$ cat protein.txt   # compact mmCIF, N, CA and C atoms
# COMPACT_ATOMS: atom_id res chain seq x y z
N MET A 1 95.34 110.97 91.88
CA MET A 1 94.46 111.06 90.74
C MET A 1 93.12 111.67 91.12
N PHE A 2 92.62 111.43 92.32
CA PHE A 2 91.35 112.03 92.73
C PHE A 2 91.58 112.91 93.95
N ASP A 3 90.63 113.82 94.18
CA ASP A 3 90.69 114.66 95.37
C ASP A 3 90.08 113.92 96.55
N HIS A 4 88.88 113.36 96.34
CA HIS A 4 88.25 112.55 97.38
C HIS A 4 87.22 111.63 96.77
N VAL A 5 86.93 110.56 97.47
CA VAL A 5 85.87 109.62 97.12
C VAL A 5 84.98 109.54 98.34
N LYS A 6 83.67 109.69 98.15
CA LYS A 6 82.73 109.63 99.26
C LYS A 6 81.69 108.58 98.95
N PHE A 7 81.48 107.66 99.91
CA PHE A 7 80.46 106.65 99.70
C PHE A 7 79.76 106.31 100.99
N GLY A 8 78.53 105.82 100.82
CA GLY A 8 77.69 105.51 101.96
C GLY A 8 78.04 104.19 102.61
N ALA A 9 77.72 104.11 103.88
CA ALA A 9 77.92 102.89 104.67
C ALA A 9 76.61 102.58 105.38
N SER A 10 76.22 101.32 105.39
CA SER A 10 74.97 100.95 106.06
C SER A 10 75.10 100.98 107.57
N ASP A 11 76.31 100.79 108.09
CA ASP A 11 76.59 100.90 109.53
C ASP A 11 77.81 101.80 109.66
N TYR A 12 77.56 103.09 109.83
CA TYR A 12 78.63 104.09 109.86
C TYR A 12 79.70 103.77 110.90
N ALA A 13 79.29 103.44 112.11
CA ALA A 13 80.26 103.17 113.17
C ALA A 13 81.15 101.97 112.82
N ALA A 14 80.55 100.90 112.31
CA ALA A 14 81.33 99.71 111.95
C ALA A 14 82.28 100.01 110.80
N SER A 15 81.81 100.72 109.79
CA SER A 15 82.67 101.05 108.65
C SER A 15 83.79 101.98 109.05
N LYS A 16 83.49 102.97 109.88
CA LYS A 16 84.51 103.89 110.36
C LYS A 16 85.61 103.12 111.10
N ALA A 17 85.22 102.25 112.02
CA ALA A 17 86.19 101.46 112.77
C ALA A 17 87.00 100.55 111.85
N PHE A 18 86.33 99.90 110.89
CA PHE A 18 87.02 99.01 109.95
C PHE A 18 88.07 99.76 109.15
N PHE A 19 87.68 100.86 108.50
CA PHE A 19 88.61 101.58 107.64
C PHE A 19 89.76 102.21 108.43
N LEU A 20 89.49 102.75 109.60
CA LEU A 20 90.58 103.31 110.39
C LEU A 20 91.60 102.23 110.78
N ALA A 21 91.12 101.05 111.16
CA ALA A 21 92.04 99.96 111.54
C ALA A 21 92.75 99.38 110.32
N ALA A 22 92.00 99.09 109.27
CA ALA A 22 92.57 98.45 108.08
C ALA A 22 93.57 99.34 107.36
N LEU A 23 93.33 100.64 107.34
CA LEU A 23 94.19 101.55 106.58
C LEU A 23 95.28 102.22 107.41
N ALA A 24 95.29 101.98 108.71
CA ALA A 24 96.34 102.55 109.56
C ALA A 24 97.74 102.17 109.09
N PRO A 25 97.98 100.90 108.66
CA PRO A 25 99.32 100.57 108.19
C PRO A 25 99.76 101.35 106.94
N LEU A 26 98.79 101.97 106.24
CA LEU A 26 99.10 102.75 105.04
C LEU A 26 99.21 104.24 105.36
N GLY A 27 99.17 104.58 106.64
CA GLY A 27 99.32 105.97 107.05
C GLY A 27 98.03 106.78 107.01
N VAL A 28 96.87 106.12 106.94
CA VAL A 28 95.59 106.80 106.89
C VAL A 28 95.09 107.07 108.31
N THR A 29 94.63 108.29 108.54
CA THR A 29 94.11 108.69 109.85
C THR A 29 92.79 109.43 109.69
N ALA A 30 92.07 109.59 110.79
CA ALA A 30 90.81 110.33 110.78
C ALA A 30 91.08 111.81 110.59
N GLY A 31 90.24 112.43 109.77
CA GLY A 31 90.30 113.86 109.57
C GLY A 31 89.02 114.49 110.08
N ALA A 32 88.50 115.44 109.35
CA ALA A 32 87.28 116.13 109.74
C ALA A 32 86.12 115.14 109.84
N GLU A 33 85.27 115.34 110.86
CA GLU A 33 84.11 114.47 111.04
C GLU A 33 82.93 115.30 111.50
N GLY A 34 81.76 114.99 110.95
CA GLY A 34 80.53 115.63 111.36
C GLY A 34 79.56 114.57 111.86
N VAL A 35 78.28 114.90 111.83
CA VAL A 35 77.27 113.91 112.19
C VAL A 35 77.35 112.77 111.18
N PRO A 36 76.87 111.55 111.55
CA PRO A 36 76.99 110.41 110.63
C PRO A 36 76.46 110.67 109.21
N ALA A 37 75.39 111.47 109.07
CA ALA A 37 74.87 111.76 107.73
C ALA A 37 75.87 112.56 106.90
N TYR A 38 76.73 113.34 107.56
CA TYR A 38 77.81 114.05 106.87
C TYR A 38 79.01 113.14 106.72
N GLY A 39 79.42 112.49 107.80
CA GLY A 39 80.48 111.49 107.75
C GLY A 39 81.83 111.95 108.24
N ILE A 40 82.83 111.19 107.80
CA ILE A 40 84.21 111.41 108.23
C ILE A 40 85.12 111.37 107.00
N GLU A 41 86.18 112.17 107.06
CA GLU A 41 87.19 112.17 106.02
C GLU A 41 88.40 111.40 106.55
N LEU A 42 88.84 110.42 105.78
CA LEU A 42 90.03 109.65 106.12
C LEU A 42 91.14 110.10 105.18
N ALA A 43 92.23 110.57 105.75
CA ALA A 43 93.31 111.14 104.95
C ALA A 43 94.59 110.34 105.12
N GLY A 44 95.39 110.34 104.06
CA GLY A 44 96.65 109.62 104.07
C GLY A 44 97.82 110.52 103.74
N ARG A 45 98.80 109.96 103.09
CA ARG A 45 100.02 110.69 102.79
C ARG A 45 99.88 111.60 101.58
N ALA A 46 98.85 111.38 100.77
CA ALA A 46 98.63 112.20 99.58
C ALA A 46 97.53 113.21 99.87
N ASP A 47 97.23 114.03 98.90
CA ASP A 47 96.19 115.04 99.06
C ASP A 47 94.78 114.47 98.96
N ALA A 48 94.63 113.24 98.51
CA ALA A 48 93.32 112.63 98.33
C ALA A 48 92.78 112.10 99.64
N SER A 49 91.45 111.98 99.72
CA SER A 49 90.85 111.44 100.93
C SER A 49 89.67 110.53 100.58
N LEU A 50 89.35 109.67 101.53
CA LEU A 50 88.19 108.79 101.45
C LEU A 50 87.20 109.28 102.48
N CYS A 51 85.96 109.47 102.08
CA CYS A 51 84.93 109.98 102.99
C CYS A 51 83.81 108.96 103.11
N LEU A 52 83.41 108.67 104.33
CA LEU A 52 82.32 107.74 104.61
C LEU A 52 81.17 108.50 105.24
N PHE A 53 79.93 108.09 104.95
CA PHE A 53 78.77 108.68 105.60
C PHE A 53 77.69 107.62 105.76
N GLN A 54 76.81 107.83 106.72
CA GLN A 54 75.70 106.91 106.97
C GLN A 54 74.71 107.00 105.81
N ALA A 55 74.34 105.85 105.25
CA ALA A 55 73.36 105.80 104.16
C ALA A 55 72.26 104.82 104.53
N ASP A 56 71.04 105.12 104.13
CA ASP A 56 69.92 104.23 104.40
C ASP A 56 69.89 103.04 103.48
N GLU A 57 70.30 103.22 102.24
CA GLU A 57 70.31 102.11 101.29
C GLU A 57 71.73 101.57 101.15
N LYS A 58 71.84 100.29 100.85
CA LYS A 58 73.16 99.68 100.67
C LYS A 58 73.64 100.00 99.26
N PRO A 59 74.80 100.62 99.13
CA PRO A 59 75.30 100.96 97.80
C PRO A 59 75.84 99.74 97.06
N ALA A 60 75.96 99.88 95.76
CA ALA A 60 76.58 98.82 94.96
C ALA A 60 78.04 98.70 95.39
N PRO A 61 78.61 97.50 95.36
CA PRO A 61 80.00 97.33 95.78
C PRO A 61 80.97 98.15 94.93
N LEU A 62 81.97 98.70 95.56
CA LEU A 62 83.03 99.46 94.91
C LEU A 62 84.33 98.68 95.01
N HIS A 63 85.27 99.01 94.16
CA HIS A 63 86.63 98.51 94.28
C HIS A 63 87.50 99.75 94.46
N ILE A 64 88.13 99.85 95.61
CA ILE A 64 88.99 100.99 95.91
C ILE A 64 90.38 100.46 96.22
N ALA A 65 91.38 100.96 95.49
CA ALA A 65 92.77 100.54 95.71
C ALA A 65 93.55 101.69 96.34
N PHE A 66 94.25 101.37 97.43
CA PHE A 66 95.09 102.33 98.14
C PHE A 66 96.55 102.03 97.85
N THR A 67 97.34 103.08 97.67
CA THR A 67 98.77 102.93 97.40
C THR A 67 99.51 102.57 98.67
N ALA A 68 100.34 101.55 98.58
CA ALA A 68 101.25 101.17 99.67
C ALA A 68 102.67 101.49 99.22
N ALA A 69 103.47 102.02 100.12
CA ALA A 69 104.84 102.38 99.78
C ALA A 69 105.74 101.15 99.64
N THR A 70 105.40 100.08 100.38
CA THR A 70 106.22 98.87 100.37
C THR A 70 105.33 97.63 100.38
N ARG A 71 105.91 96.51 100.06
CA ARG A 71 105.18 95.25 100.13
C ARG A 71 104.83 94.91 101.58
N ALA A 72 105.68 95.31 102.50
CA ALA A 72 105.38 95.08 103.93
C ALA A 72 104.12 95.83 104.35
N GLU A 73 103.89 97.00 103.80
CA GLU A 73 102.66 97.74 104.10
C GLU A 73 101.44 97.00 103.56
N VAL A 74 101.56 96.38 102.39
CA VAL A 74 100.46 95.58 101.84
C VAL A 74 100.15 94.44 102.80
N ASP A 75 101.18 93.76 103.27
CA ASP A 75 101.00 92.65 104.22
C ASP A 75 100.32 93.14 105.50
N ALA A 76 100.79 94.28 106.02
CA ALA A 76 100.23 94.83 107.26
C ALA A 76 98.78 95.26 107.06
N PHE A 77 98.46 95.85 105.92
CA PHE A 77 97.08 96.22 105.60
C PHE A 77 96.18 94.98 105.65
N HIS A 78 96.61 93.91 105.02
CA HIS A 78 95.80 92.69 104.95
C HIS A 78 95.54 92.14 106.35
N ARG A 79 96.58 92.06 107.17
CA ARG A 79 96.42 91.57 108.55
C ARG A 79 95.46 92.47 109.33
N ALA A 80 95.67 93.78 109.25
CA ALA A 80 94.84 94.72 110.00
C ALA A 80 93.39 94.68 109.54
N ALA A 81 93.18 94.57 108.24
CA ALA A 81 91.82 94.52 107.70
C ALA A 81 91.09 93.26 108.15
N LEU A 82 91.77 92.13 108.15
CA LEU A 82 91.14 90.88 108.62
C LEU A 82 90.84 90.97 110.12
N GLN A 83 91.76 91.53 110.89
CA GLN A 83 91.53 91.68 112.34
C GLN A 83 90.38 92.65 112.62
N ALA A 84 90.15 93.58 111.70
CA ALA A 84 89.07 94.56 111.87
C ALA A 84 87.73 94.03 111.37
N GLY A 85 87.70 92.77 110.93
CA GLY A 85 86.45 92.16 110.49
C GLY A 85 86.28 92.01 109.00
N GLY A 86 87.28 92.38 108.23
CA GLY A 86 87.20 92.21 106.78
C GLY A 86 87.28 90.74 106.40
N ARG A 87 86.81 90.43 105.20
CA ARG A 87 86.85 89.06 104.68
C ARG A 87 87.89 89.00 103.56
N ASP A 88 88.76 88.02 103.62
CA ASP A 88 89.82 87.88 102.62
C ASP A 88 89.23 87.76 101.22
N ASN A 89 89.81 88.51 100.28
CA ASN A 89 89.42 88.44 98.88
C ASN A 89 90.65 88.30 97.99
N GLY A 90 91.75 87.91 98.59
CA GLY A 90 93.01 87.72 97.86
C GLY A 90 94.17 88.09 98.75
N PRO A 91 94.93 87.11 99.22
CA PRO A 91 96.03 87.39 100.15
C PRO A 91 97.15 88.18 99.47
N PRO A 92 98.05 88.76 100.27
CA PRO A 92 99.17 89.50 99.70
C PRO A 92 99.98 88.63 98.74
N GLY A 93 100.34 89.21 97.63
CA GLY A 93 101.16 88.49 96.66
C GLY A 93 101.25 89.24 95.35
N LEU A 94 102.12 88.73 94.50
CA LEU A 94 102.29 89.31 93.17
C LEU A 94 101.09 88.98 92.28
N ARG A 95 100.71 89.92 91.45
CA ARG A 95 99.65 89.74 90.46
C ARG A 95 100.27 90.06 89.09
N PRO A 96 101.10 89.14 88.55
CA PRO A 96 101.85 89.43 87.32
C PRO A 96 100.96 89.65 86.10
N ARG A 97 99.68 89.28 86.18
CA ARG A 97 98.80 89.54 85.03
C ARG A 97 98.59 91.05 84.84
N TYR A 98 98.83 91.84 85.92
CA TYR A 98 98.72 93.30 85.81
C TYR A 98 100.06 93.89 85.38
N HIS A 99 101.13 93.55 86.09
CA HIS A 99 102.51 93.82 85.68
C HIS A 99 103.44 93.09 86.66
N ALA A 100 104.70 93.00 86.31
CA ALA A 100 105.65 92.14 87.03
C ALA A 100 105.80 92.49 88.52
N ASN A 101 105.60 93.75 88.90
CA ASN A 101 105.81 94.16 90.29
C ASN A 101 104.51 94.52 91.01
N TYR A 102 103.38 94.11 90.48
CA TYR A 102 102.09 94.44 91.10
C TYR A 102 101.87 93.52 92.30
N TYR A 103 102.13 94.05 93.50
CA TYR A 103 102.01 93.29 94.74
C TYR A 103 100.82 93.86 95.49
N ALA A 104 99.80 93.04 95.70
CA ALA A 104 98.55 93.55 96.27
C ALA A 104 97.90 92.53 97.19
N ALA A 105 96.95 93.05 97.98
CA ALA A 105 96.07 92.23 98.81
C ALA A 105 94.68 92.84 98.74
N PHE A 106 93.66 91.98 98.88
CA PHE A 106 92.27 92.41 98.74
C PHE A 106 91.45 91.89 99.92
N VAL A 107 90.55 92.73 100.42
CA VAL A 107 89.61 92.33 101.46
C VAL A 107 88.23 92.89 101.12
N ILE A 108 87.22 92.23 101.61
CA ILE A 108 85.85 92.72 101.48
C ILE A 108 85.50 93.40 102.81
N GLY A 109 85.11 94.68 102.73
CA GLY A 109 84.76 95.46 103.91
C GLY A 109 83.32 95.23 104.35
N PRO A 110 82.89 95.95 105.38
CA PRO A 110 81.57 95.74 105.99
C PRO A 110 80.38 95.84 105.02
N ASP A 111 80.49 96.67 103.99
CA ASP A 111 79.38 96.83 103.05
C ASP A 111 79.60 96.09 101.74
N GLY A 112 80.56 95.16 101.71
CA GLY A 112 80.79 94.38 100.50
C GLY A 112 81.73 95.02 99.50
N HIS A 113 82.38 96.13 99.89
CA HIS A 113 83.32 96.79 98.98
C HIS A 113 84.64 96.03 98.95
N ASN A 114 85.22 95.92 97.75
CA ASN A 114 86.52 95.27 97.56
C ASN A 114 87.60 96.32 97.80
N ILE A 115 88.31 96.18 98.93
CA ILE A 115 89.33 97.15 99.32
C ILE A 115 90.70 96.53 99.08
N GLU A 116 91.54 97.25 98.36
CA GLU A 116 92.86 96.75 97.95
C GLU A 116 93.96 97.68 98.44
N ALA A 117 95.10 97.10 98.76
CA ALA A 117 96.33 97.86 98.95
C ALA A 117 97.31 97.31 97.94
N VAL A 118 98.01 98.20 97.23
CA VAL A 118 98.91 97.78 96.16
C VAL A 118 100.22 98.54 96.21
N CYS A 119 101.31 97.81 95.99
CA CYS A 119 102.64 98.39 95.85
C CYS A 119 103.13 98.03 94.45
N HIS A 120 103.58 99.04 93.69
CA HIS A 120 104.02 98.81 92.32
C HIS A 120 105.55 98.70 92.22
N ARG A 121 106.22 98.77 93.35
CA ARG A 121 107.69 98.75 93.35
C ARG A 121 108.22 97.32 93.43
N PRO A 122 109.40 97.09 92.87
CA PRO A 122 110.01 95.77 93.04
C PRO A 122 110.41 95.56 94.50
N GLU A 123 110.57 94.30 94.87
CA GLU A 123 110.97 93.98 96.24
C GLU A 123 112.33 94.58 96.52
N ALA A 124 112.48 95.15 97.70
CA ALA A 124 113.74 95.82 98.08
C ALA A 124 114.85 94.82 98.30
$ encode --input "protein.txt" --output "C-alpha cells"
Amino acid sequence: MFDHVKFGASDYAASKAFFLAALAPLGVTAGAEGVPAYGIELAGRADASLCLFQADEKPAPLHIAFTAATRAEVDAFHRAALQAGGRDNGPPGLRPRYHANYYAAFVIGPDGHNIEAVCHRPEA
C-alpha cells in the first residue's frame, strides 16, 4: 500500500538495532544507509520500506503493522522484539474483533511506537 515510511528516532543506533532484530523473522533486512541524519532503509519481501533517521525531537507515537506470512512468523517477531528490548503491548493471538483470522502481536519500540506483526490467514 505504501512505498516507504520514514520516521525519526531519538537514539538512531538503538532503534536501528531494535528494528533489525525484531523484524528479521519477517524477512526484513538492512538496505541503503547514510549518515544518521539521513538514516537507513529497512526492506522486506514487498516493494515497501521502513526508513529510520536520527531526530532531535521525540516524534509522536506511531502504529506500524508489518505483514507476516504465517502465525509462526508473528510469534517469532514477538520473541525477537522482546529480546531486542521492546516492551510487550499484546502477545501473539487472535484478535476476532478485527476479523476471524486476524492473528497479531504488538510491542512498543525504543521511541514508544506501537509495532505490530499480523497474519490474516487461517491457521494451517
$ residues_around --input "protein.txt" --residues "region 17-28 of chain A" --least-positions-apart "4" --cutoff "7 Å" --atoms "only N, CA and C atoms" --output "PyMOL selection string"
chain A and resi 12-13+42-45+67-69+73-74+76-82+84-86+110
$ closest_residue --input "protein.txt" --among "A:Ile40, A:Ala30, A:Leu50, A:Leu94" --to "Ala65 (chain A)" --atoms "only C-alpha atoms"
A:Leu50
$ atom_distance --input "protein.txt" --atom1 "atom N of Ala104 (chain A)" --atom2 "CA of Pro91 (chain A)"
8.1 Å
$ atom_distance --input "protein.txt" --atom1 "CA of Gly31 (chain A)" --atom2 "CA of Tyr102 (chain A)"
29.3 Å
$ closest_residue --input "protein.txt" --among "A:Gly34, A:Arg87, A:Thr70, A:Tyr98" --to "Glu123 (chain A)" --atoms "only N, CA and C atoms"
A:Thr70
$ select_by_dssp --input "protein.txt" --residues "chain A" --states "strand (DSSP E or B)" --output "ChimeraX atom specification"
/A:4-9,29-33,40-43,49-54,63-67,87-94,103-108,114-119
$ atom_distance --input "protein.txt" --atom1 "atom N of Glu57 (chain A)" --atom2 "atom C of Ser10 (chain A)"
7.5 Å
$ select_by_dssp --input "protein.txt" --residues "chain A" --states "helix (DSSP H, G or I)" --output "ChimeraX atom specification"
/A:12-26,71-83
